[in-house]
Amino acid sequence: MGLTIAHLLDRGWGSDWTGAATVIAGVVSTLWLLLYGLQRVKKHRDEPPIIASAIPYVGHLLGMALFGGRYIKNIGLRNRSTPIFTLPVPFSRIYVVTDPSLAAAAQRASKTLSFSPLVPDLTRRILGFSPASTAIIAQHLDPTDSSAPRGLMADLHDMVYAHLGPGDALSSLTKLAVRDLAAHVNAYAAAHDRDPETVPDLLVWLRGFVAQSTASYLYGPENPLAQDPELEAAFWDFDHGIGGLLVGVWPAMTARKAYAGRERLVEAFAKYLEAGHHLGPGASDIVRRRVEILTAHGLPMAEAARSEVSFLFAGIVNTATTAFWVVVHLFARPALLRRVRAELLAGGVTELDFGGGKPTRLLDLESVKAGRASPTLGAVFREALRTGSDNYSTRLVKEDTVLAGRWWVGKGAVVQVAGGVIHADEGVWGEGAGEFDPVRFLKLEEGEGESGSGSGKGGEEKQKKVHPAAFRAFGGGKTLCPGRHFATYEIVAFAAMIVLTFDLEAVDGKGKPGGKIVVPAKEDGVLPVHILEPKTPVRVKVRVREDGGEIVVV
């Protein structure tokens with residue numbers, strides 16, 4: 001075992017490469033067998049089953065780097081009978097939860113399993129905070145610890161939940177956002193009423209509405225995206241390169257586009273804040289409060305600008321991409337689209353015909369929020385999230401913990417609730433869980449709770465109850481998205497505007513319309529930091545509907 005290449009050459013084996021290669025292969029094989037065996041050794045008798053990697057310890061990390069979220073999802077689907085399993089990695093463990101009831105147990109163990117300790121390093125890597133700002137962010141992270149002083153993240157947490165939880169603040173912000181979206185949709189429809197446009201990428205077209213509107217209702221007319229339209233491209237460069245930024249190895253070179261896009265956004269937001277535009281009449285109260293808290297805890301404006309980039313990101317990315325999946329699923333299914341339009345016109349929209357033109361349509365926001373405007377549209381929204389969201393709820397194990405009275409997880413390891421595995425599990429959602437079937441979210445009986453399709457074939461069989469922790473699109477437990485109510489209302493209302501105002505036709509590679517819109521596969525070979533984008537663009541011709549009048553949100 002102590003032989004080296006130099007020793008072999010010194011012993012006269014320099015001309016006998018076959019013998020040298022045999023010895024080296026033996027050494028490598030012995031080392032591999034040793035490491036492979038070691039990675040299969042449990043740290044505790046109740047540690048979850050170990051899924052060993054063919055390349056000991058580093059193989060799983062390589063798999064995640066090469067194949068993104070699809071790697072762990074495939075492992076989970078191949079081991080459906082195992083509610084939690086262990087992935088050995090260098091110096092630690094990753095425990096992957098694939099069962100809803102066990103996910104709920106992990107959520108309840110919030111004192112020993114927490115996302116908070118991971119926040120400072122993640123934000124430093126993604127947003128480029130200075131060491132001084134990172135130190136401020138790391139102070140007193142837990143908002144539920146009443147014995148500790150209030151830290152920056154705890155104060156931001158409480159403020160955001162106050163603004164985005166049910167109440168007057170949420171209602172006010174929702175109406176502001178939806179009315180701003182309606183203004184952008186109406187302006188586009190007026191400009192293209194007699195001029196259909198060929199759109200090479202439906203996702204890009206839809207997210208243009210969302211990006212400009214979000215920047216407007218949050219940051220007012222002086223928002224950076226309005227001042228410099230090229231910043232939207234920088235924003236998407238940043239978004240698409242977050243994986244490279246997370247690696248954190250010389251990001252200015254290894255994640256150049258993302259790094260450059262982020263820094264352009266930071267510079268623009270720094271100018272916005274230093275000019276005091278966040279205090280102007282057009283900026284939202286939630287932004288004013290955020291900046292007040294950031295600076296009160298000692299962040300300079302230049303660093304507060306980095307935090308505002310993350311807030312804009314939170315407001316745009318999932319909203320735009322989810323809206324895409326809702327819209328493309330509807331227009332790919334004409335019967336479903338007709339049903340949603342009929343429900344909207346019967347339950348959520350009032351038409352006012354003043355004669356001589358298209359009717360004005362009053363969109364009842366309260367009806368949208370209550371789900372009355374179109375129950376089918378609400379079901380399409382949830383099913384789009386179920387089939388498109390492969391996200392992970394990640395927690396650091398602060399102390400050795402036993403989950404559900406059975407599974408031991410060790411201090412210093414990471415627990416990941418694999419949303420993609422749970423969302424695709426037929427044991428949870430019924431036969432055909434891999435198919436898009438919004439009927440699984442429609443109630444078949446009065447008063448039935450959240451349910452999944454018992455058949456996956458149009459919902460003909462009675463639906464069965466689904467564990468509340470099985471729907472992972474908004475996370476769960478203490479990391480449950482505070483903006484889930486706002487996002488739901490905004491996306492459903494935006495989708496309603498699109499289906500009422502426009503007709504979309506598929507366009508072939510030569511720009512000719514006609515044919516059926518096809519739902520593309522999702523790009524699941526990346527880190528699932530948000531709802532997944534499509535693998536290929538959807539080319540469409542956008543026409544304003546003959547009866548598609550102005551949308552007014554009431």
# chains A, B, ... in the order shown; residues from 1 in each chain; ligands from 1
call {"tool": "closest_atom_pairs", "arguments": {"of": "region 138-212 of chain A", "to": "region 322-342 of chain A", "cutoff": "12 Å", "atoms": "only C-alpha atoms", "output": "Markdown table"}}
result
| residue | atom | partner | partner_atom | distance |
| --- | --- | --- | --- | --- |
| A:Asp201 | CA | A:Phe324 | CA | 10.3 |
| A:Leu202 | CA | A:Phe324 | CA | 7.2 |
| A:Leu203 | CA | A:Phe324 | CA | 5.6 |
| A:Val204 | CA | A:Phe324 | CA | 9.0 |
| A:Trp205 | CA | A:Phe324 | CA | 9.2 |
| A:Leu206 | CA | A:Phe324 | CA | 6.6 |
| A:Arg207 | CA | A:Phe324 | CA | 8.0 |
| A:Gly208 | CA | A:Phe324 | CA | 11.3 |
| A:Phe209 | CA | A:Ala323 | CA | 10.6 |
| A:Val210 | CA | A:Ala323 | CA | 9.1 |
call {"tool": "residues_around", "arguments": {"residues": "region 286-298 of chain A", "least_positions_apart": "3", "cutoff": "9 Å", "atoms": "only C-alpha atoms", "output": "JSON, numbers by chain"}}
result
{"A": [133, 136, 137, 151, 152, 155, 156, 159, 160, 163, 169, 173, 218, 219, 273, 278, 279, 283, 301, 303, 304, 305, 307, 308, 311]}
call {"tool": "write_last_selection", "arguments": {"atoms": "N, CA and C atoms", "output": "short mmCIF file (atom, residue, chain, number, x, y, z; two decimals), in the first residue's frame"}}
result
data_model
loop_
_atom_site.label_atom_id
_atom_site.label_comp_id
_atom_site.auth_asym_id
_atom_site.auth_seq_id
_atom_site.Cartn_x
_atom_site.Cartn_y
_atom_site.Cartn_z
N SER A 133 -21.75 43.31 6.63
CA SER A 133 -23.19 43.12 6.49
C SER A 133 -23.59 41.70 6.81
N ILE A 136 -23.91 41.31 10.44
CA ILE A 136 -25.17 41.88 10.95
C ILE A 136 -26.32 40.92 10.69
N ILE A 137 -26.35 40.35 9.49
CA ILE A 137 -27.42 39.41 9.14
C ILE A 137 -27.40 38.19 10.06
N GLY A 151 -32.90 40.62 15.95
CA GLY A 151 -31.94 40.76 14.88
C GLY A 151 -32.58 41.29 13.62
N LEU A 152 -31.76 41.61 12.63
CA LEU A 152 -32.25 42.14 11.35
C LEU A 152 -33.24 41.18 10.70
N ASP A 155 -36.58 40.98 12.52
CA ASP A 155 -37.44 42.15 12.29
C ASP A 155 -38.03 42.15 10.89
N LEU A 156 -37.22 41.79 9.89
CA LEU A 156 -37.74 41.71 8.52
C LEU A 156 -38.83 40.64 8.43
N MET A 159 -42.10 41.95 9.95
CA MET A 159 -42.71 42.99 9.13
C MET A 159 -43.35 42.41 7.87
N VAL A 160 -42.63 41.51 7.19
CA VAL A 160 -43.16 40.93 5.95
C VAL A 160 -44.41 40.11 6.24
N HIS A 163 -47.35 42.39 6.71
CA HIS A 163 -47.85 43.00 5.47
C HIS A 163 -48.50 42.00 4.53
N ALA A 169 -53.42 45.33 5.00
CA ALA A 169 -52.18 45.58 4.25
C ALA A 169 -52.09 44.67 3.03
N LEU A 173 -52.11 45.92 -0.94
CA LEU A 173 -51.02 45.61 -1.86
C LEU A 173 -51.51 44.76 -3.03
N LEU A 218 -44.14 48.07 -6.44
CA LEU A 218 -43.31 48.05 -5.23
C LEU A 218 -42.50 49.32 -5.07
N TYR A 219 -41.92 49.80 -6.16
CA TYR A 219 -40.93 50.88 -6.06
C TYR A 219 -41.36 52.18 -6.72
N LEU A 273 -32.21 54.31 -3.91
CA LEU A 273 -32.35 54.52 -2.47
C LEU A 273 -31.69 55.81 -2.02
N HIS A 278 -37.58 55.69 -2.49
CA HIS A 278 -38.39 54.74 -1.71
C HIS A 278 -39.31 55.46 -0.73
N LEU A 279 -39.06 56.74 -0.50
CA LEU A 279 -39.91 57.53 0.39
C LEU A 279 -40.97 58.31 -0.38
N ALA A 283 -43.98 54.68 -4.04
CA ALA A 283 -43.39 53.45 -3.49
C ALA A 283 -44.32 52.82 -2.47
N MET A 301 -26.69 52.17 2.62
CA MET A 301 -27.61 52.12 1.50
C MET A 301 -27.12 51.19 0.39
N GLU A 303 -25.52 48.48 0.66
CA GLU A 303 -25.79 47.10 1.04
C GLU A 303 -27.30 46.83 1.12
N ALA A 304 -28.07 47.86 1.53
CA ALA A 304 -29.53 47.72 1.51
C ALA A 304 -30.00 47.48 0.07
N ALA A 305 -29.29 48.07 -0.88
CA ALA A 305 -29.63 47.86 -2.29
C ALA A 305 -29.54 46.38 -2.66
N SER A 307 -30.16 43.89 -0.71
CA SER A 307 -31.35 43.25 -0.15
C SER A 307 -32.57 43.53 -1.01
N GLU A 308 -32.66 44.73 -1.58
CA GLU A 308 -33.81 45.05 -2.43
C GLU A 308 -33.78 44.29 -3.74
N PHE A 311 -35.53 41.20 -2.90
CA PHE A 311 -36.97 41.38 -2.73
C PHE A 311 -37.66 41.48 -4.08
#
call {"tool": "atom_distance", "arguments": {"atom1": "CA of Gly76 (chain A)", "atom2": "CA of Ala487 (chain A)"}}
result
28.9 Å
call {"tool": "atom_distance", "arguments": {"atom1": "CA of Ala187 (chain A)", "atom2": "CA of Gly549 (chain A)"}}
result
11.4 Å
call {"tool": "residues_around", "arguments": {"residues": "Leu122 (chain A)", "least_positions_apart": "3", "cutoff": "10 Å", "atoms": "only C-alpha atoms", "output": "PDB file with C-alpha atoms, in the first residue's frame"}}
result
ATOM      1  CA  PRO A 117     -28.398  29.250  10.332  1.00  0.00           C
ATOM      2  CA  LEU A 118     -27.958  28.801   6.577  1.00  0.00           C
ATOM      3  CA  VAL A 119     -29.225  32.293   5.717  1.00  0.00           C
ATOM      4  CA  ARG A 125     -22.961  34.070  -1.866  1.00  0.00           C
ATOM      5  CA  ILE A 126     -26.051  35.012  -3.849  1.00  0.00           C
ATOM      6  CA  LEU A 127     -26.230  38.740  -3.137  1.00  0.00           C
ATOM      7  CA  GLY A 128     -22.577  39.556  -2.501  1.00  0.00           C
ATOM      8  CA  PHE A 129     -22.951  41.106   0.954  1.00  0.00           C
ATOM      9  CA  THR A 134     -23.041  39.334   6.701  1.00  0.00           C
ATOM     10  CA  LEU A 245     -23.140  32.210  -7.456  1.00  0.00           C
ATOM     11  CA  LEU A 246     -24.025  29.616  -4.827  1.00  0.00           C
ATOM     12  CA  VAL A 247     -20.852  27.708  -5.595  1.00  0.00           C
ATOM     13  CA  GLY A 248     -19.065  30.859  -4.496  1.00  0.00           C
TER      14      GLY A 248
END
call {"tool": "select_by_dssp", "arguments": {"residues": "region 368-550 of chain A", "states": "helix (DSSP H, G or I)", "output": "MDAnalysis selection string"}}
result
chainID A and resid 368:370 375:388 419:423 426:429 438:441 468:470 477:479 484:501
call {"tool": "closest_residue", "arguments": {"among": "A:Glu431, A:Asp142, A:Glu490, A:Glu343", "to": "Lys369 (chain A)", "atoms": "only C-alpha atoms"}}
result
A:Glu490
call {"tool": "residues_around", "arguments": {"residues": "Ala521 (chain A)", "least_positions_apart": "6", "cutoff": "12 Å", "atoms": "only C-alpha atoms", "output": "ChimeraX atom specification"}}
result
/A:325,328-329,387-388,434-436,532-538
call {"tool": "residues_around", "arguments": {"residues": "Met497 (chain A)", "least_positions_apart": "6", "cutoff": "9 Å", "atoms": "only C-alpha atoms", "output": "list in words"}}
result
Leu181, Ala182, Val185, Leu363 and Ile551 of chain A
call {"tool": "write_last_selection", "arguments": {"atoms": "N, CA and C atoms", "output": "tab-separated table (two decimals), in the first residue's frame"}}
result
chain	number	residue	atom	x	y	z
A	181	LEU	N	-50.96	45.39	-13.08
A	181	LEU	CA	-50.91	44.39	-14.14
A	181	LEU	C	-51.97	44.64	-15.20
A	182	ALA	N	-53.17	44.99	-14.75
A	182	ALA	CA	-54.26	45.27	-15.70
A	182	ALA	C	-53.89	46.45	-16.60
A	185	VAL	N	-51.51	45.11	-19.25
A	185	VAL	CA	-52.21	44.26	-20.22
A	185	VAL	C	-53.09	45.11	-21.13
A	363	LEU	N	-63.31	43.15	-13.31
A	363	LEU	CA	-62.81	41.94	-12.67
A	363	LEU	C	-62.93	42.10	-11.16
A	551	ILE	N	-59.83	45.68	-19.19
A	551	ILE	CA	-60.03	45.07	-17.87
A	551	ILE	C	-59.93	46.15	-16.80
call {"tool": "select_by_dssp", "arguments": {"residues": "region 322-511 of chain A", "states": "strand (DSSP E or B)", "output": "PyMOL selection string"}}
result
chain A and resi 349-352+360-363+392-397+401-403+407-409+414-418+451-452+464-465+502-507
